[in-house]
Each structure stands twice: as structure tokens, then as C-alpha cells.
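Undergrad: Before I ask anything, let me first share the structure, which is written out below as C-alpha cells.
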Amino acid sequence: MLPLFVIAPLLFGGFISLFMRGRSHIAGWTAFAFSIASLILAAYEVLYSFGKAYSITWFAISGLVVHISMSIYTLNAILLMLVALVTPLIMLYSIGYMDVPSERPRFFFEISIFAASMMLFAISANFITMFIAWELLGITSYLLIGFWYHKERVPYAARKSITTILIGDMAMLSAMVLIWNAFHTFNFYSIMASPYINAMQIPLLLILAAVFTKSAQFPFHEWLADAMEGPTPVSAFLHSSTMVKAGVFLVALLLPLFYEAHLLYVILAFGIATAFIGATNAIAERHIKRILAYSTMEDLGIMLVALGLHALLAAMLFFIVQTFYKALLFMSAGSIMKANDNAENIYLIKGSTKNRLLFISTLFGVGSIAGIFPLSGFFGKVAIDSVASNIYVYILLTVIEFASSIYIFRWLFIPMRDPLTKGIDAELTAKYKNIPKTMLYAIAVLALLVAIGGFAYAYLPGLPYAGVFANTYMPLHISLVSGLTETIAVLLGISVTYYIYVKMNLKGMSSHRALHTLLYNSIAVNWVYSIIAAAFYEIGGIVNSFDYALYWFIVMGGDGLVFIAERLRRIVNGQINAYAVAFAAGIILLVIIIAV
Amino acid sequence: MIQILFISLITIAIAIAANIIFGRKYSQHISIAAVLLVLIYMSYSISAFTSGSLAVSESLPYISSLGISLHFTLTPISIMLITMSLIVTLAAIVWQGIRGANTRSINSLLLLFLLSAIGLFASANLFLFYIFWDVGVISVFFIIRSFGSASRDVASKNFLIYSIFASALLLFAIMLIYFYTPVGSFNISYITAHSYEIPIDIQESIFMLMFIAFAIKMPVFPFHSWMPNAYSDAPTSGSVVIAGVLSKFGAYGMLVLFYLLPVAETLKTYVYAIAVVSVFYSAFAAMRQNDLKKMAGYTSMIESGIILAGIASLNYLGEYGSVYMMLAHGFTIALMFIAIGSLEFAYGTRSISILKGAVSSAKSASYSFMLAIFGSTGMPLTAGFIAELMIFIGTVSAFGLYGIVPLAGIILLGAYMYLAASRSIMSTKEKLSEVGIIGKSQKAAMAIAIAAVLFFGVFPFIFLNMVKI
């Protein structure tokens, strides 16, 4: 079976739910059913077509032969199964979350297309297929982030994301064009098998730029936090298995190329910078979802660090476990917000312990992201620590882990407080009880996945890895020292957070303005963005005035011709006397010219 | 062997006559039927061309003393461009719906323009090329002059002066070619075969003259000053055909010119530089436009720059990429102008600062506008992507790394268009006061344009299979 068919149920389901205006209550269930069908097809595909590649010719002209190529190799299978697993859970969660009937058809349509593009991305084996999925992801994410287009900051957030992503798209297109001219193929595996791959630093740098826009890496990272304006299921999806993972996945897929072109240190440097920025911002942020967004940035940064260390397996392990805990945490955040009338500030959110199922599941997510043994996050983080041979990288990673345990426990502890008034407390308890069951079931399933995700550690090394340099990857192992260091850092983080936010009951860092500014550096980044935008706008102004000037210059030229014509016309006035005078003057002039 | 071009031209001519006679009642029906009929001929010709059972050359003697005949050739390029013109004109005709007494005259003019487009894209000699060129210009002039908005006088005058200037240069160049080819000829394939015998300085002069003439029409910086007003003051159906088809007259002429004279090989770097400057110039100029139609105009100028870049690369991928771009841009810009026209129809304004939250009441127009934006940034599965891919592979193989520079212009373009969209399409749920309700005919026109944009993006092989290189 052609792997392309795994996306067919999703596309179909999306279009069906779009036309369910009249029966919007079942639109979500329809999309859910079709996403289950996609999951089954994906599982079938992974089981029975593992290790196979497929290709169909799309069009050909003058030597340019463009195929739609797909493959089910190990990396493809991992991402495909992750997306296929998370999609139904997102759909299930959204059924409860999207409570405005008129919005449902459009929402489920857009999110189905989004999931389908990510699945297409997962199975793509050449740049063309990948780019189709890549751009569709960008555009559907734009539509989803801008879903509540009437809210105040939403158009800005959607525009910011699509503009950043457009930069990446054009970088990717440039890279594709350069790669075609160098290799005359778009196929990933043919390119990796080609002997000239060290001669392509520029295209690879362009691909990295595209990856950084998609995966929200420095300096293109700010759209991710603003993208929180979209509905929560979208955030859960965007941050776990789709969109932002696409960039990291592409680097993992093309890792042999980056290795041969000696670009791993670039990946490492940007990854560690982003992880640092993400962690610091998450500590200072107060928006319940933006904290998680900055945390995603940090996670992606760490994945790139692992790839930069040439540790594909460690990166993929973290890639898998991060999917589950991040989806879980976003879903918890969405549920807590729903019970608190969509309050976003963690200091205004109360009573997150009131729903036991929700709270226990959330604890799994929090423990996993902090890296507590034996939850899956521990394996992901420690596996990366264990391959960090460079001592500076190791120290930085440990500091980042310390920071991440601070922000995630801050995220957990502050909303745990109960409201002071009794009446409000009872009301809140009722609201927590009323969180739709579908949302809670999705969260519970994810909690289970978070708990058992660590088993991937045992299975990953046994899988075959395509690519010529597979044997040079750093092996996957967990060293005791790294595990202990990590655990100590986390425990330290928990105690610090507990001391500051529970014992001392501090209301944030408003008293330490300098520290806050240092940590919350996203303002500075946005300021730089706005300066660049303003500069372009100013150039636009200059060009526009020049354009006016050019227009008026031509209009004046036309007027000048008319003016001359008007003057010349006066000579032809029909008076014989004037003609005679002119004639005589002309004769005299002629005689003088001839004589001289 | 069916002589498809003569039949097409005669069909359109009959339709114009019928329009004038019976147009009071049946103008829309006659025009749409005629265009559909020719579209059927063309789809037949696509299949016949692939199987080789088509008269690729149709000729009738005309002025034999000068060696001029009514000579048409059907190439893959002309089939693509004629099909594009037909679909775009169809959308323009459908858009208007049946409204008042004007329908008859505007439809006649649109059909006349279509006639000139078909003739121009298929003409095998420069004489016919010139004739159809001027017919197209005149019909568009009357469309702007008679049906445009408030400042149509200035706009149409500017347009006419620029166009006549271009025509004069073109005529002069054609005469130079006629006198300097060994046996005076207007035949394009003959000239192509013998143009190396023209002295190099004469070739350069001819190139300059024709380049300016075509650059005015495309339009390319610095010959574009007629464009903003003409686009914004023309009626919607006029803007659609001007941006969609008329600008392709220039682009097609440029393509012919580059393969006509061997001197193009030495001048291509300069032309590429002009194209790049034009792309960035128009991207920056678009940033300060408040009128959606003017923004769309500068957008189309960016795409013209990219087309010129593709042509200047002087290789097959650049050539066919730019032809595919003409096609893609024709559909995309038609969709964009139709969407803007519908927004204006619904709200009585097309100012970015006044329009707000259009998507809550004018859904179809807003979504069409968004799709047009996606299309012009070259989203895969729209025709623009195929074109961009081919063009930039062509430019990179001709100019190396400099070949990817115009892509940065698309970023600027997209950035501003998304800004415009977030202001005018999104941003509020409150409904603006509507002055009109977008009717079935407008929606049908949008559907035609959307279908074309997506169809040729998903099935590019329909046209590209005709090309045998």
C-alpha cells in the first residue's frame, strides 16, 4: 500500500467535518473516527512496509524530474506513529474543549489538514514532498493560530508566525534549488549517498535557517510564545508532535550531511543558546501557556544540542518522550484555564488540585519534564547529558535542567493555591468537576504514555538507521554520574521553588527588576524585531516617495510637451503680416549663415 | 487537420458581433458560451498536441508583396498562455453578472481583448504580433476609460500614452529587424534562424527598443508608472484582464525577444539585475499602499520581475518556468483582484485602514483573498510553486548563488500582504456596514479562479508533458 494513503482518512474526515454546519455536535466525533482510521493505517504501514521506499513521478520537464517520494524507514516510522497516536487524543480533547458549536466544523477541518500535513512530512523521502508538507504545516498553523481572529492579539500573533515561517520557506526553497543544481536529485538518500556532499555548506545553512524558523530557535523564536493565542488543543498539538518538531526531525534526517559539511557546531551553538533563552524566559513568565511555550523552545534546543553532538539516538529518545509530556502539560493547562474562566496568569489561577484525575496526570507531566526517575523525561534528558563529552556543554545542560525544574514547579505550585473566599471556592470546585470527560480521558491516556515512554530507551538502539554514516552516530547510553547529577539538580530546583513560592509566598520577581529583565529577554528580542520591521517600513516609505516622484516627473514631462505645443500653436495664427515678417527674418538668417 | 486557431478567432469574432446585436438580453450567455467553446477547442488541442495530430502551423496569404501572411503557430507556450487568457477572461466576464446596460459593451470589449490575446500568443510573425498588441491596448483603454472609477480619465490617459510609446518603439524595432535580416522578413522562426547575420550594434539597438516596449507592458521598474493608477481605477473585470493577461503580452514578448536575438546572451546579466531591482523596488513600494488594489498591483509587479529573471536565465527551465509563472500569476492575480473587487462590492471600500474583520460577513471573498496571498507567495499545490521551482533552478544554473536573491523579495511581499490581511480580513467580529451582498456570479468567478490556481498546481504535467526537449 502506498504510504500516501495514511493521510487520506484525515483529509476526508476534515472535509466531512467542514460541511457539518448543521450537525456540529458530531463534527468532532467524525474527525476523531477518521483520525483513528489514520492511526490504524499508519500502524499497518509501519508493520508491513517497514524499510520500503516509494516514488511516483509528479512531472518532468527538461531534465527536471520531480517525484513524490515516501519512505518508511526508522525515523519516518517513529514520527509517523507519534503523530498518528497524538492526533486522536487531540481530537478527543478538542471535542470537549471547543464548546462553541459554530466554530467546530472549521476547527476540525483545519486541525485534520494540519495533522495530515504532518503525517505527509513524516513519510517524505525527498525535498519536494517534504516542502509540500512543510508549507502546508505553516499555512494551516497560521489558520489555527488565527482561529479566534476577532481577539485582540490574535491577528498579530498569526501574522508573526506566518512571517517568520515564510522566511524559512523561502530559505528552504533556495536550498532546494541549490541542491538540485548540485546533485540533480531531490531524494534525501541519493543526496546522502552522493560523494560531493561536503561541497554544500550554503544550502545546508539555508536549510538550518528554515529549521530554526520552524522549530522556533534563536533568532526566530519569538513567534512560538505568541502562538499561544490560538486554541489550547492547537498549542498541545503544535508543541508536541507537529510543526515545531518538523525542523528538528529534518535535521535528524539529514544529520549525515551536516556532519560531513562540518556544521554540527552551528546546530550545537544555536541549540544551546535557544535552550538557555527558553529556560530563562519560562522562569520569568506568568502566562500559564507561555511558560510551556518557552519550555518547548528549551526542549527543542536540547534536541538540537543532542544532534549537534552527533547523538541521533539520544535526540530521538528525547524527541519521543517530549511529545507525550508536552501534549499532556498543554492539555492540563487548557483544562485548568477552562475551570478558571480562561484566566491566563498563573497568579490568578486557583485550585488546580481540585480535580484528582487532572491533578495526578499533571503531576506525571511535571515530573517527566523535570526529569524524575523513572518517568520518561528522565531517560530523554540523561541520555543527552551522557553523550555531552564537552565539559562546558555538560555544565550548561545541567544548569538548564536546574532552571527547567524551577519553572515547571513554579508552574505547578502557584495554581495549586485555593481561593480565600469560601463561596468562590465552592464555585471553583463545581467548575473543576464540570471539565468535559473527553478532555480528561485524553489527558489520562497521555499520562499513561508519559509513564511508560521510557521503554523507548530499550528499543531505539535495535532499529536499523538509514544513511551511509549510521555507524558513526554516538551510541545511546545512560551513565550513572549523569543520572545522579541530573537528579540532584532537579531536587535542588524543587526545593528552591518550594522555598520561594510556597514557603515565602513570593509574588514573583517584581522586586528584582534587573533580574527580571535579564531573565525575561523576550522583550528585547521583540524590540529588535520591531526595529527591523520599522527599518523595512522606512525603506518602503523612501521607495514610495521615489515612486511618486517618478510618476510626477513623467506627468510633468507630459505637461511640458503640452506647454511647448501650446506655444508653438500660437505661431500658426493665420495673420499674413506675421508670416511675412517671419519669412523675411528667415531669409536674412539663412543669408547670414551661408555668408559666414 | 483542424485549424484550431482560425476557428477560435472566428468564434470570438462571431461572439462579438452577436454580443452587439443580441447583447441587450443575452450578453452574458453569448460571451460565456463563446469562451467556453474556445476553451473546449484548447483542451482538445492539448491532447491533440501531445499525440501529434494537430496542425501546428496555420497560414493564409495576406500581403504577399511584403511577405506578410496570416500565420499562426501553436506551441506548448502559446497553448498554455491562450488557455490562461481564456480562463482569466471567463472569470472576468462571470464576475460582473447581469447588471444594467453596460454589460453588453464591457463584454464586447473583453471579448475583443481576448481575441487580441489569442492572436498575439499564437502569432508566428511580428506583423501580426504588433497588430494584436495594439488591438489589446485599445480595448483595454476603452475598458478603463468607460467603466473605471473616479479618476479613470487620468489613469486611462497615462495608460494610453505609455502603451502608444511602447507600440512606437516596438514598431521601430520591427522595421529595423525587417531591414537588417538578409531577406526582409517578419517571420519569427526565420528571424531567429538568421538573426546572427544582423550587425551586433543594430542587434543591441533592436534589443533596447523592444526591451523597453515589453518592460513597459510587464511592467518592470522603471517603466511602471502607468500601473498603479490603471490597476486601481479600472473596473474589477478590467483589472483582472490587465494584470492577468495584458501584462503577459509584455512577458511573452520578452520571451520571444530573448530567443530572437543572439545578443541576449551578452545582455542577460544586466536584464537579470533590472529584474532583481524591480522585485525589491516593488516589494518596498507595496509596503506603503493603503489601497488593496494598488497593493495587488505592486504584488503583480514583483511577479513580473520574477518572470523577467526566469527569462533572463536563458535556459529551458527558466524559459518554461517563466511561462508557467505567467500562467500561475494570471490565475493568482485574477483571484486577488476578484476577491478585492468583491470586498469593495460588499463594503464600498478597499482601503486597508477602513476594512476590518471582513471574514465575519464576506467569507467567500476573504478566503479567496487569503488563498491568493498563499498563491502569490508560492505555496505548493498552487501553480506558483511549480513556476518558482523551475524559474529559480534556471536562474541558479545561469547566475549561480545570485539566482536565489529574488526569493528575499517574496518574503517582503508576504510580510506586507499578511499584515494587510490581518488588518482587513481578521481583527474583529463586528460586522462592517455592508453596501452590497456578494452574489452568485461573484462567487462563481472566485470559484473559477480558485479552481484554476489549484488545478494547475496539482496537475502541472498536463501542460508540461506537451514540452518535448
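Naming works like this for the C-alpha cells: A, B, ... for the chains as they're shown, residue 1 at the start of each chain, ligands 1 onward in shown order.
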What are the nearest atom pairs, with distances in Å to one decimal, for all residues of chain A that come at most 7 Å from chain B, using only C-alpha atoms, set out by chain and rising residue number as CSV?

TA:
residue,atom,partner,partner_atom,distance
A:Phe59,CA,B:Phe461,CA,5.0
A:Ile61,CA,B:Leu464,CA,6.3
A:Ser62,CA,B:Ile469,CA,5.6
A:Ile132,CA,B:Pro380,CA,5.3
A:Glu135,CA,B:Met379,CA,6.4
A:Tyr149,CA,B:Met426,CA,5.2
A:His150,CA,B:Thr428,CA,4.0
A:Lys151,CA,B:Ser427,CA,6.6
A:Glu152,CA,B:Ser427,CA,6.8
A:Pro155,CA,B:Ser422,CA,5.2
A:Arg159,CA,B:Tyr418,CA,6.0
A:Thr163,CA,B:Ala415,CA,5.4
A:Leu166,CA,B:Ile411,CA,6.2
A:Ile167,CA,B:Ile411,CA,5.9
A:Met170,CA,B:Leu407,CA,6.1
A:Ser174,CA,B:Ile404,CA,5.8
A:Val177,CA,B:Ile393,CA,5.2
A:Leu178,CA,B:Val396,CA,6.9
A:Asn181,CA,B:Ser397,CA,6.5
A:Tyr537,CA,B:Met287,CA,6.7
A:Ile539,CA,B:Phe284,CA,6.7
A:Gly540,CA,B:Phe284,CA,4.3
A:Gly541,CA,B:Arg288,CA,6.3
A:Val543,CA,B:Ala285,CA,5.6
A:Asn544,CA,B:Ala285,CA,4.9
A:Tyr551,CA,B:Ser225,CA,5.4

Undergrad: Identify all residues of region 425-517 of chain A in alpha helix (DSSP H) (DSSP on the backbone) and supply them as a ChimeraX atom specification.

TA: /A:425-433,437-452,456-459,480-497,513-517

Undergrad: Would you pick out the contacts of region 43-53 of chain B at 9 Å or less, using only C-alpha atoms, so that residues sharing its chain but fewer than 2 positions from it are not included, and give the list as a list in words?

TA: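 My list of contacting residues is Met1, Ile2, Ile4, Val38, Leu39, Ile40, Tyr41, Ala55, Val56, Leu74, Thr75, Pro76, Ile79, Met80, Thr83, Ile462, Phe463, Asn465, Met466 and Val467 of chain B.
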
Undergrad: With N, CA and C atoms kept, could you save the residues just selected as a PDB file, in the first residue's frame?

TA:
ATOM      1  N   MET B   1      -6.621  17.583 -40.418  1.00  0.00           N
ATOM      2  CA  MET B   1      -6.001  18.584 -39.555  1.00  0.00           C
ATOM      3  C   MET B   1      -6.949  19.778 -39.350  1.00  0.00           C
ATOM      4  N   ILE B   2      -7.321  19.966 -38.122  1.00  0.00           N
ATOM      5  CA  ILE B   2      -8.224  21.084 -37.843  1.00  0.00           C
ATOM      6  C   ILE B   2      -7.393  22.327 -37.552  1.00  0.00           C
ATOM      7  N   ILE B   4      -7.176  25.042 -35.586  1.00  0.00           N
ATOM      8  CA  ILE B   4      -7.887  25.412 -34.372  1.00  0.00           C
ATOM      9  C   ILE B   4      -7.845  26.910 -34.095  1.00  0.00           C
ATOM     10  N   VAL B  38     -14.254  28.022 -26.931  1.00  0.00           N
ATOM     11  CA  VAL B  38     -12.830  28.087 -27.292  1.00  0.00           C
ATOM     12  C   VAL B  38     -11.989  27.305 -26.282  1.00  0.00           C
ATOM     13  N   LEU B  39     -12.442  27.312 -25.037  1.00  0.00           N
ATOM     14  CA  LEU B  39     -11.738  26.532 -24.020  1.00  0.00           C
ATOM     15  C   LEU B  39     -11.788  25.048 -24.360  1.00  0.00           C
ATOM     16  N   ILE B  40     -12.919  24.618 -24.886  1.00  0.00           N
ATOM     17  CA  ILE B  40     -13.023  23.208 -25.304  1.00  0.00           C
ATOM     18  C   ILE B  40     -12.060  22.937 -26.456  1.00  0.00           C
ATOM     19  N   TYR B  41     -12.003  23.858 -27.449  1.00  0.00           N
ATOM     20  CA  TYR B  41     -11.032  23.683 -28.538  1.00  0.00           C
ATOM     21  C   TYR B  41      -9.636  23.518 -27.970  1.00  0.00           C
ATOM     22  N   ALA B  55      -2.562  20.569 -36.352  1.00  0.00           N
ATOM     23  CA  ALA B  55      -1.853  21.481 -37.242  1.00  0.00           C
ATOM     24  C   ALA B  55      -1.126  22.490 -36.376  1.00  0.00           C
ATOM     25  N   VAL B  56       0.195  22.411 -36.365  1.00  0.00           N
ATOM     26  CA  VAL B  56       0.910  23.337 -35.501  1.00  0.00           C
ATOM     27  C   VAL B  56       1.124  24.671 -36.202  1.00  0.00           C
ATOM     28  N   LEU B  74       1.031  26.955 -33.231  1.00  0.00           N
ATOM     29  CA  LEU B  74       0.661  26.500 -31.891  1.00  0.00           C
ATOM     30  C   LEU B  74       1.867  25.816 -31.275  1.00  0.00           C
ATOM     31  N   THR B  75       2.393  26.416 -30.218  1.00  0.00           N
ATOM     32  CA  THR B  75       3.474  25.789 -29.469  1.00  0.00           C
ATOM     33  C   THR B  75       2.923  25.491 -28.075  1.00  0.00           C
ATOM     34  N   PRO B  76       3.613  24.669 -27.290  1.00  0.00           N
ATOM     35  CA  PRO B  76       3.157  24.462 -25.914  1.00  0.00           C
ATOM     36  C   PRO B  76       2.983  25.784 -25.178  1.00  0.00           C
ATOM     37  N   ILE B  79      -0.211  27.473 -26.266  1.00  0.00           N
ATOM     38  CA  ILE B  79      -1.400  26.795 -25.728  1.00  0.00           C
ATOM     39  C   ILE B  79      -1.595  27.132 -24.256  1.00  0.00           C
ATOM     40  N   MET B  80      -0.496  27.112 -23.492  1.00  0.00           N
ATOM     41  CA  MET B  80      -0.607  27.463 -22.067  1.00  0.00           C
ATOM     42  C   MET B  80      -1.165  28.869 -21.889  1.00  0.00           C
ATOM     43  N   THR B  83      -4.835  29.281 -22.991  1.00  0.00           N
ATOM     44  CA  THR B  83      -5.747  28.696 -22.007  1.00  0.00           C
ATOM     45  C   THR B  83      -5.868  29.613 -20.797  1.00  0.00           C
ATOM     46  N   ILE B 462      -0.095  18.319 -17.012  1.00  0.00           N
ATOM     47  CA  ILE B 462      -0.997  18.470 -18.151  1.00  0.00           C
ATOM     48  C   ILE B 462      -0.351  19.351 -19.214  1.00  0.00           C
ATOM     49  N   PHE B 463       0.229  20.464 -18.787  1.00  0.00           N
ATOM     50  CA  PHE B 463       0.894  21.342 -19.745  1.00  0.00           C
ATOM     51  C   PHE B 463       2.339  20.915 -19.990  1.00  0.00           C
ATOM     52  N   ASN B 465       3.778  18.142 -19.967  1.00  0.00           N
ATOM     53  CA  ASN B 465       4.008  16.972 -20.807  1.00  0.00           C
ATOM     54  C   ASN B 465       4.052  17.320 -22.292  1.00  0.00           C
ATOM     55  N   MET B 466       3.448  18.474 -22.650  1.00  0.00           N
ATOM     56  CA  MET B 466       3.487  18.869 -24.064  1.00  0.00           C
ATOM     57  C   MET B 466       4.897  19.241 -24.496  1.00  0.00           C
ATOM     58  N   VAL B 467       5.703  19.648 -23.504  1.00  0.00           N
ATOM     59  CA  VAL B 467       7.028  20.162 -23.842  1.00  0.00           C
ATOM     60  C   VAL B 467       7.968  18.991 -24.048  1.00  0.00           C
TER      61      VAL B 467
END

Undergrad: Just give me the gap between CA of Lys293 (chain B) and CA of Phe142 (chain B) in Å, one decimal is fine.

TA: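 Those two atoms sit 19.6 Å apart.
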
Undergrad: Where in region 62-258 of chain A does DSSP assign strand (DSSP E), given as a list of chain:residue names?

TA: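 Matching residues, listed in order: A:Leu64, A:Val65, A:Val66, A:His67, A:Ile68, A:Ser69, A:Met70, A:Ser71.
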
Undergrad: A:Leu82, A:Ser112, A:Phe107, A:Met91: which is nearest Lys245 (chain A), counting only C-alpha atoms?

TA: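 Among the listed residues, A:Leu82 lies closest to Lys245 (chain A).
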